[in-house]
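Comments concern the structure below.
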Amino acid sequence: MTSRIRHVTIDCSDAYGLAGFWSRVLDLPVHEDDRPGDEEVLIEGAGLLFVTVPDAKTVKNRVHVDLQPQDRGRDEEVERLLGLGATLVEDRRRADGTGWAVLADPEGNEFCVERSAAERGD
């Protein structure tokens, strides 16, 4: 027997609000049963479960997601995500076009934006 990952759970202060941000990032809906004020909110297509907890985020994430744009370049995606409410934490992009950008969601959870497959030559 083996196990599989059912969800990646993200603790936050407002599950529905943060799920809304990630819903716009990923262009995937929150679960149809989830509503504002719910303590657990799921983006089923991504396997992301947001859970309201009383604790504030205080240190760097031990686990984070890496995003790869599908229909635009890395830099365009970074600008789109900043427009959705993300913040730039660290810019690891290099002059030769390689590298990535470290961003944070509205509650401070870090994530990275890598180059698209086209930019990587994949």
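Order determines the names: the first chain of the structure tokens is A, the second B, and so forth; residues in each chain are numbered 1 upward, and ligands are numbered 1 upward as they are shown.
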Surrounding residues of stretch 88-94 of chain A excluding itself and chain neighbours under 4 positions, 8 Å, only C-alpha atoms, as a list in words | Leu82, Thr98, Gly99, Trp100, Ala101, Val102, Leu103, Ala104 and Glu110 of chain A
Given the selection you just returned, output its residues as a file containing C-alpha atoms, formatted as a short mmCIF file (atom, residue, chain, number, x, y, z; two decimals), in the first residue's frame.
data_model
loop_
_atom_site.label_atom_id
_atom_site.label_comp_id
_atom_site.auth_asym_id
_atom_site.auth_seq_id
_atom_site.Cartn_x
_atom_site.Cartn_y
_atom_site.Cartn_z
CA LEU A 82 1.75 41.74 -7.81
CA THR A 98 17.45 32.62 -15.76
CA GLY A 99 16.38 32.62 -12.12
CA TRP A 100 13.10 33.16 -10.33
CA ALA A 101 11.18 35.62 -8.18
CA VAL A 102 10.15 34.96 -4.59
CA LEU A 103 6.78 36.48 -3.79
CA ALA A 104 4.46 36.36 -0.77
CA GLU A 110 6.23 32.69 0.24
#
Any idea what's packed within 9 Å of A:Arg74, counting only C-alpha atoms, ignoring anything in its chain fewer than 6 positions away? Could you give it as number ranges by chain?
-> A: 68, 100-101, 113-116, 119
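Every protein or nucleic acid residue with an atom no more than 10 Å from A:Lys60, counting only C-alpha atoms and leaving out same-chain residues fewer than 4 positions away, appears here: His64, Gly108, Asn109 and Glu110 of chain A.
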Can I get the selected residues back with C-alpha atoms, as a compact mmCIF listing (two decimals), in the first residue's frame?
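Everything below was put into again28.txt:
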# COMPACT_ATOMS: atom_id res chain seq x y z
CA HIS A 64 6.35 26.46 -0.59
CA GLY A 108 2.97 36.41 3.94
CA ASN A 109 3.30 32.83 2.65
CA GLU A 110 6.23 32.69 0.24
Counting only C-alpha atoms, which residues in stretch 47-119 of chain A sit no more than 9 Å from stretch 6-10 of chain A? For each one, give the nearest pair of atoms and the distance in Å, sorted by chain then residue number, as JSON lines.
{"residue": "A:Gly47", "atom": "CA", "partner": "A:His7", "partner_atom": "CA", "distance": 4.6}
{"residue": "A:Leu48", "atom": "CA", "partner": "A:Val8", "partner_atom": "CA", "distance": 5.1}
{"residue": "A:Leu49", "atom": "CA", "partner": "A:Thr9", "partner_atom": "CA", "distance": 4.6}
{"residue": "A:Phe50", "atom": "CA", "partner": "A:Ile10", "partner_atom": "CA", "distance": 4.9}
{"residue": "A:Val51", "atom": "CA", "partner": "A:Ile10", "partner_atom": "CA", "distance": 6.2}
{"residue": "A:Thr52", "atom": "CA", "partner": "A:Ile10", "partner_atom": "CA", "distance": 8.6}
{"residue": "A:Asn109", "atom": "CA", "partner": "A:Ile10", "partner_atom": "CA", "distance": 8.7}
If you keep all heavy atoms, can you produce a file of those selected residues as a JSON list (two decimals), in the first residue's frame?
[["chain", "number", "residue", "atom", "x", "y", "z"],
["A", 47, "GLY", "N", -5.74, 21.03, -5.11],
["A", 47, "GLY", "CA", -5.46, 20.29, -3.89],
["A", 47, "GLY", "C", -4.98, 21.18, -2.75],
["A", 47, "GLY", "O", -4.26, 20.73, -1.87],
["A", 48, "LEU", "N", -5.38, 22.45, -2.78],
["A", 48, "LEU", "CA", -4.99, 23.38, -1.72],
["A", 48, "LEU", "C", -6.15, 23.57, -0.75],
["A", 48, "LEU", "O", -7.25, 23.93, -1.16],
["A", 48, "LEU", "CB", -4.58, 24.73, -2.30],
["A", 48, "LEU", "CG", -3.34, 24.76, -3.18],
["A", 48, "LEU", "CD1", -3.13, 26.16, -3.74],
["A", 48, "LEU", "CD2", -2.12, 24.29, -2.41],
["A", 49, "LEU", "N", -5.88, 23.35, 0.53],
["A", 49, "LEU", "CA", -6.88, 23.51, 1.58],
["A", 49, "LEU", "C", -6.42, 24.63, 2.50],
["A", 49, "LEU", "O", -5.31, 24.56, 3.07],
["A", 49, "LEU", "CB", -7.06, 22.22, 2.36],
["A", 49, "LEU", "CG", -8.04, 22.25, 3.53],
["A", 49, "LEU", "CD1", -9.47, 22.54, 3.03],
["A", 49, "LEU", "CD2", -7.99, 20.94, 4.30],
["A", 50, "PHE", "N", -7.22, 25.66, 2.66],
["A", 50, "PHE", "CA", -6.90, 26.79, 3.51],
["A", 50, "PHE", "C", -7.69, 26.65, 4.81],
["A", 50, "PHE", "O", -8.90, 26.43, 4.78],
["A", 50, "PHE", "CB", -7.25, 28.11, 2.80],
["A", 50, "PHE", "CG", -6.47, 28.27, 1.53],
["A", 50, "PHE", "CD1", -6.92, 27.70, 0.34],
["A", 50, "PHE", "CD2", -5.26, 28.95, 1.53],
["A", 50, "PHE", "CE1", -6.18, 27.83, -0.83],
["A", 50, "PHE", "CE2", -4.52, 29.08, 0.37],
["A", 50, "PHE", "CZ", -4.98, 28.52, -0.81],
["A", 51, "VAL", "N", -6.98, 26.75, 5.94],
["A", 51, "VAL", "CA", -7.60, 26.53, 7.24],
["A", 51, "VAL", "C", -7.33, 27.74, 8.12],
["A", 51, "VAL", "O", -6.17, 28.14, 8.30],
["A", 51, "VAL", "CB", -7.05, 25.25, 7.91],
["A", 51, "VAL", "CG1", -7.65, 25.06, 9.28],
["A", 51, "VAL", "CG2", -7.33, 24.03, 7.03],
["A", 52, "THR", "N", -8.40, 28.32, 8.67],
["A", 52, "THR", "CA", -8.25, 29.45, 9.58],
["A", 52, "THR", "C", -7.72, 28.96, 10.92],
["A", 52, "THR", "O", -8.25, 28.02, 11.50],
["A", 52, "THR", "CB", -9.60, 30.16, 9.78],
["A", 52, "THR", "OG1", -10.07, 30.62, 8.51],
["A", 52, "THR", "CG2", -9.47, 31.33, 10.74],
["A", 109, "ASN", "N", 2.78, 34.14, 3.04],
["A", 109, "ASN", "CA", 3.30, 32.83, 2.65],
["A", 109, "ASN", "C", 4.10, 32.96, 1.36],
["A", 109, "ASN", "O", 3.57, 33.42, 0.34],
["A", 109, "ASN", "CB", 2.15, 31.83, 2.45],
["A", 109, "ASN", "CG", 1.33, 31.68, 3.70],
["A", 109, "ASN", "OD1", 1.84, 31.26, 4.73],
["A", 109, "ASN", "ND2", 0.06, 32.04, 3.63]]
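Here atom CA of A:Cys112 and atom CA of A:Thr2 stand 29.2 Å from one another.
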Within 10 Å of A:Leu81 using only C-alpha atoms, minus same-chain residues under 4 positions, as a PyMOL selection string = chain A and resi 21-22+24-25+75-77+85-88+103-105+113
Name the residues of chain A that fall into alpha helix (DSSP H) according to DSSP on the backbone, using the chain letters and numbers of this document, as number ranges by chain.
-> A: 15-26, 74-84, 117-120
Just write the chosen residues, N, CA and C atoms, as a JSON list (two decimals), in the first residue's frame.
[["chain", "number", "residue", "atom", "x", "y", "z"],
["A", 15, "ALA", "N", -9.43, 32.01, 5.81],
["A", 15, "ALA", "CA", -9.38, 30.93, 4.81],
["A", 15, "ALA", "C", -10.04, 31.34, 3.50],
["A", 16, "TYR", "N", -11.22, 31.92, 3.56],
["A", 16, "TYR", "CA", -11.92, 32.26, 2.33],
["A", 16, "TYR", "C", -11.20, 33.38, 1.57],
["A", 17, "GLY", "N", -10.72, 34.37, 2.30],
["A", 17, "GLY", "CA", -10.00, 35.47, 1.65],
["A", 17, "GLY", "C", -8.73, 35.01, 0.97],
["A", 18, "LEU", "N", -7.93, 34.19, 1.66],
["A", 18, "LEU", "CA", -6.68, 33.73, 1.06],
["A", 18, "LEU", "C", -6.94, 32.75, -0.07],
["A", 19, "ALA", "N", -7.96, 31.90, 0.08],
["A", 19, "ALA", "CA", -8.33, 31.00, -1.01],
["A", 19, "ALA", "C", -8.76, 31.80, -2.24],
["A", 20, "GLY", "N", -9.41, 32.94, -2.02],
["A", 20, "GLY", "CA", -9.80, 33.80, -3.14],
["A", 20, "GLY", "C", -8.60, 34.33, -3.90],
["A", 21, "PHE", "N", -7.56, 34.72, -3.18],
["A", 21, "PHE", "CA", -6.33, 35.17, -3.82],
["A", 21, "PHE", "C", -5.76, 34.04, -4.69],
["A", 22, "TRP", "N", -5.60, 32.86, -4.10],
["A", 22, "TRP", "CA", -5.02, 31.73, -4.84],
["A", 22, "TRP", "C", -5.93, 31.26, -5.96],
["A", 23, "SER", "N", -7.23, 31.41, -5.81],
["A", 23, "SER", "CA", -8.17, 31.08, -6.88],
["A", 23, "SER", "C", -7.88, 31.96, -8.10],
["A", 24, "ARG", "N", -7.62, 33.25, -7.87],
["A", 24, "ARG", "CA", -7.30, 34.15, -8.98],
["A", 24, "ARG", "C", -5.92, 33.85, -9.55],
["A", 25, "VAL", "N", -4.96, 33.50, -8.70],
["A", 25, "VAL", "CA", -3.62, 33.15, -9.17],
["A", 25, "VAL", "C", -3.68, 31.97, -10.12],
["A", 26, "LEU", "N", -4.41, 30.92, -9.71],
["A", 26, "LEU", "CA", -4.43, 29.66, -10.45],
["A", 26, "LEU", "C", -5.57, 29.56, -11.47],
["A", 74, "ARG", "N", 7.64, 34.62, -17.36],
["A", 74, "ARG", "CA", 7.83, 34.77, -15.91],
["A", 74, "ARG", "C", 7.61, 36.20, -15.46],
["A", 75, "ASP", "N", 8.24, 37.16, -16.14],
["A", 75, "ASP", "CA", 8.15, 38.54, -15.69],
["A", 75, "ASP", "C", 6.73, 39.09, -15.80],
["A", 76, "GLU", "N", 6.02, 38.70, -16.86],
["A", 76, "GLU", "CA", 4.62, 39.10, -17.00],
["A", 76, "GLU", "C", 3.79, 38.51, -15.87],
["A", 77, "GLU", "N", 4.06, 37.27, -15.51],
["A", 77, "GLU", "CA", 3.31, 36.62, -14.44],
["A", 77, "GLU", "C", 3.60, 37.27, -13.10],
["A", 78, "VAL", "N", 4.85, 37.63, -12.86],
["A", 78, "VAL", "CA", 5.19, 38.33, -11.61],
["A", 78, "VAL", "C", 4.38, 39.62, -11.52],
["A", 79, "GLU", "N", 4.32, 40.38, -12.60],
["A", 79, "GLU", "CA", 3.56, 41.64, -12.59],
["A", 79, "GLU", "C", 2.08, 41.38, -12.34],
["A", 80, "ARG", "N", 1.52, 40.34, -12.96],
["A", 80, "ARG", "CA", 0.10, 40.01, -12.76],
["A", 80, "ARG", "C", -0.16, 39.68, -11.29],
["A", 81, "LEU", "N", 0.72, 38.88, -10.69],
["A", 81, "LEU", "CA", 0.54, 38.46, -9.30],
["A", 81, "LEU", "C", 0.70, 39.63, -8.34],
["A", 82, "LEU", "N", 1.62, 40.53, -8.63],
["A", 82, "LEU", "CA", 1.75, 41.74, -7.81],
["A", 82, "LEU", "C", 0.45, 42.55, -7.88],
["A", 83, "GLY", "N", -0.16, 42.59, -9.05],
["A", 83, "GLY", "CA", -1.44, 43.29, -9.21],
["A", 83, "GLY", "C", -2.58, 42.64, -8.44],
["A", 84, "LEU", "N", -2.46, 41.32, -8.18],
["A", 84, "LEU", "CA", -3.48, 40.61, -7.41],
["A", 84, "LEU", "C", -3.29, 40.75, -5.90],
["A", 117, "ALA", "N", 7.74, 27.26, -19.62],
["A", 117, "ALA", "CA", 8.37, 26.18, -20.40],
["A", 117, "ALA", "C", 9.02, 26.75, -21.65],
["A", 118, "ALA", "N", 8.36, 27.71, -22.31],
["A", 118, "ALA", "CA", 8.93, 28.32, -23.52],
["A", 118, "ALA", "C", 10.24, 29.04, -23.20],
["A", 119, "GLU", "N", 10.28, 29.75, -22.08],
["A", 119, "GLU", "CA", 11.49, 30.46, -21.69],
["A", 119, "GLU", "C", 12.62, 29.50, -21.33],
["A", 120, "ARG", "N", 12.26, 28.33, -20.84],
["A", 120, "ARG", "CA", 13.25, 27.31, -20.47],
["A", 120, "ARG", "C", 13.69, 26.50, -21.68]]
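DSSP on the backbone gives strand (DSSP E) for these parts of chain A: Val8, Thr9, Ile10, Asp11, Cys12, Glu40, Val41, Leu42, Ile43, Leu48, Leu49, Phe50, Val51, Thr52, Asp66, Leu67, Thr87, Leu88, Val89, Glu90, Asp91, Ala101, Val102, Leu103, Ala104, Glu110, Phe111, Cys112 and Val113 of chain A.
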Residues as selected, N, CA, C and O atoms, written as a CSV table (one decimal), in the first residue's frame, can you do that?
chain,number,residue,atom,x,y,z
A,8,VAL,N,-2.6,19.9,0.2
A,8,VAL,CA,-1.6,20.7,0.9
A,8,VAL,C,-2.3,21.8,1.7
A,8,VAL,O,-3.1,22.5,1.1
A,9,THR,N,-2.2,21.8,3.0
A,9,THR,CA,-2.9,22.6,3.9
A,9,THR,C,-2.1,23.9,4.2
A,9,THR,O,-1.0,23.8,4.6
A,10,ILE,N,-2.8,25.0,4.1
A,10,ILE,CA,-2.1,26.3,4.4
A,10,ILE,C,-2.9,26.9,5.5
A,10,ILE,O,-4.1,27.3,5.4
A,11,ASP,N,-2.2,27.1,6.7
A,11,ASP,CA,-2.8,27.8,7.8
A,11,ASP,C,-2.9,29.3,7.4
A,11,ASP,O,-2.0,29.9,6.8
A,12,CYS,N,-3.9,30.0,7.9
A,12,CYS,CA,-4.1,31.4,7.6
A,12,CYS,C,-5.1,32.0,8.6
A,12,CYS,O,-5.7,31.3,9.3
A,40,GLU,N,-12.6,26.4,6.8
A,40,GLU,CA,-11.8,25.6,5.8
A,40,GLU,C,-12.4,25.9,4.4
A,40,GLU,O,-13.6,25.8,4.2
A,41,VAL,N,-11.5,26.1,3.5
A,41,VAL,CA,-11.9,26.4,2.1
A,41,VAL,C,-10.9,25.7,1.2
A,41,VAL,O,-9.7,25.7,1.4
A,42,LEU,N,-11.5,25.0,0.2
A,42,LEU,CA,-10.7,24.2,-0.7
A,42,LEU,C,-10.7,24.7,-2.1
A,42,LEU,O,-11.7,25.1,-2.7
A,43,ILE,N,-9.5,24.7,-2.7
A,43,ILE,CA,-9.4,24.8,-4.2
A,43,ILE,C,-9.1,23.4,-4.7
A,43,ILE,O,-8.0,22.9,-4.7
A,48,LEU,N,-5.4,22.4,-2.8
A,48,LEU,CA,-5.0,23.4,-1.7
A,48,LEU,C,-6.1,23.6,-0.7
A,48,LEU,O,-7.3,23.9,-1.2
A,49,LEU,N,-5.9,23.4,0.5
A,49,LEU,CA,-6.9,23.5,1.6
A,49,LEU,C,-6.4,24.6,2.5
A,49,LEU,O,-5.3,24.6,3.1
A,50,PHE,N,-7.2,25.7,2.7
A,50,PHE,CA,-6.9,26.8,3.5
A,50,PHE,C,-7.7,26.6,4.8
A,50,PHE,O,-8.9,26.4,4.8
A,51,VAL,N,-7.0,26.7,5.9
A,51,VAL,CA,-7.6,26.5,7.2
A,51,VAL,C,-7.3,27.7,8.1
A,51,VAL,O,-6.2,28.1,8.3
A,52,THR,N,-8.4,28.3,8.7
A,52,THR,CA,-8.3,29.4,9.6
A,52,THR,C,-7.7,29.0,10.9
A,52,THR,O,-8.3,28.0,11.5
A,66,ASP,N,6.1,26.3,-6.2
A,66,ASP,CA,6.8,27.0,-7.3
A,66,ASP,C,5.8,27.0,-8.5
A,66,ASP,O,5.3,26.0,-8.9
A,67,LEU,N,5.5,28.2,-9.0
A,67,LEU,CA,4.6,28.4,-10.1
A,67,LEU,C,5.4,28.5,-11.4
A,67,LEU,O,6.4,29.1,-11.4
A,87,THR,N,3.4,40.3,-2.9
A,87,THR,CA,4.5,41.2,-2.7
A,87,THR,C,5.8,40.5,-3.1
A,87,THR,O,5.9,39.3,-2.9
A,88,LEU,N,6.7,41.3,-3.6
A,88,LEU,CA,8.0,40.8,-4.0
A,88,LEU,C,8.9,40.7,-2.7
A,88,LEU,O,9.1,41.7,-2.1
A,89,VAL,N,9.3,39.5,-2.4
A,89,VAL,CA,10.2,39.2,-1.3
A,89,VAL,C,11.7,39.3,-1.6
A,89,VAL,O,12.5,39.9,-1.0
A,90,GLU,N,12.0,38.6,-2.7
A,90,GLU,CA,13.4,38.5,-3.2
A,90,GLU,C,13.4,38.3,-4.7
A,90,GLU,O,12.7,37.4,-5.2
A,91,ASP,N,14.2,39.1,-5.4
A,91,ASP,CA,14.3,39.0,-6.8
A,91,ASP,C,15.5,38.2,-7.2
A,91,ASP,O,16.6,38.7,-7.1
A,101,ALA,N,11.6,34.6,-9.1
A,101,ALA,CA,11.2,35.6,-8.2
A,101,ALA,C,10.5,35.0,-7.0
A,101,ALA,O,9.7,34.1,-7.2
A,102,VAL,N,10.8,35.4,-5.8
A,102,VAL,CA,10.2,35.0,-4.6
A,102,VAL,C,9.1,36.0,-4.2
A,102,VAL,O,9.5,37.2,-4.0
A,103,LEU,N,7.9,35.6,-4.1
A,103,LEU,CA,6.8,36.5,-3.8
A,103,LEU,C,6.1,36.0,-2.5
A,103,LEU,O,6.4,34.9,-2.1
A,104,ALA,N,5.3,36.8,-1.9
A,104,ALA,CA,4.5,36.4,-0.8
A,104,ALA,C,3.0,36.7,-1.1
A,104,ALA,O,2.7,37.7,-1.7
A,110,GLU,N,5.4,32.5,1.4
A,110,GLU,CA,6.2,32.7,0.2
A,110,GLU,C,5.9,31.7,-0.8
A,110,GLU,O,5.6,30.5,-0.5
A,111,PHE,N,6.1,32.1,-2.1
A,111,PHE,CA,6.1,31.2,-3.2
A,111,PHE,C,7.0,31.7,-4.3
A,111,PHE,O,7.4,32.9,-4.3
A,112,CYS,N,7.4,30.9,-5.3
A,112,CYS,CA,8.3,31.3,-6.3
A,112,CYS,C,7.6,31.3,-7.7
A,112,CYS,O,6.7,30.4,-7.9
A,113,VAL,N,8.1,32.1,-8.5
A,113,VAL,CA,7.6,32.1,-9.9
A,113,VAL,C,8.8,31.8,-10.8
A,113,VAL,O,9.8,32.6,-10.8
To one decimal place, how far is atom CA of A:Asp14 from atom CA of A:Pro54 in Å?
->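 Separating atom CA of A:Asp14 from atom CA of A:Pro54 is a distance of 9.8 Å.
Closest approach to A:Val65 among A:Ala46, A:Met1, A:Asp38, A:Asp122: A:Ala46, based on only C-alpha atoms.
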Between atom CA of A:Ala56 and atom CA of A:Pro106 - distance in Å to one decimal | 12.6 Å
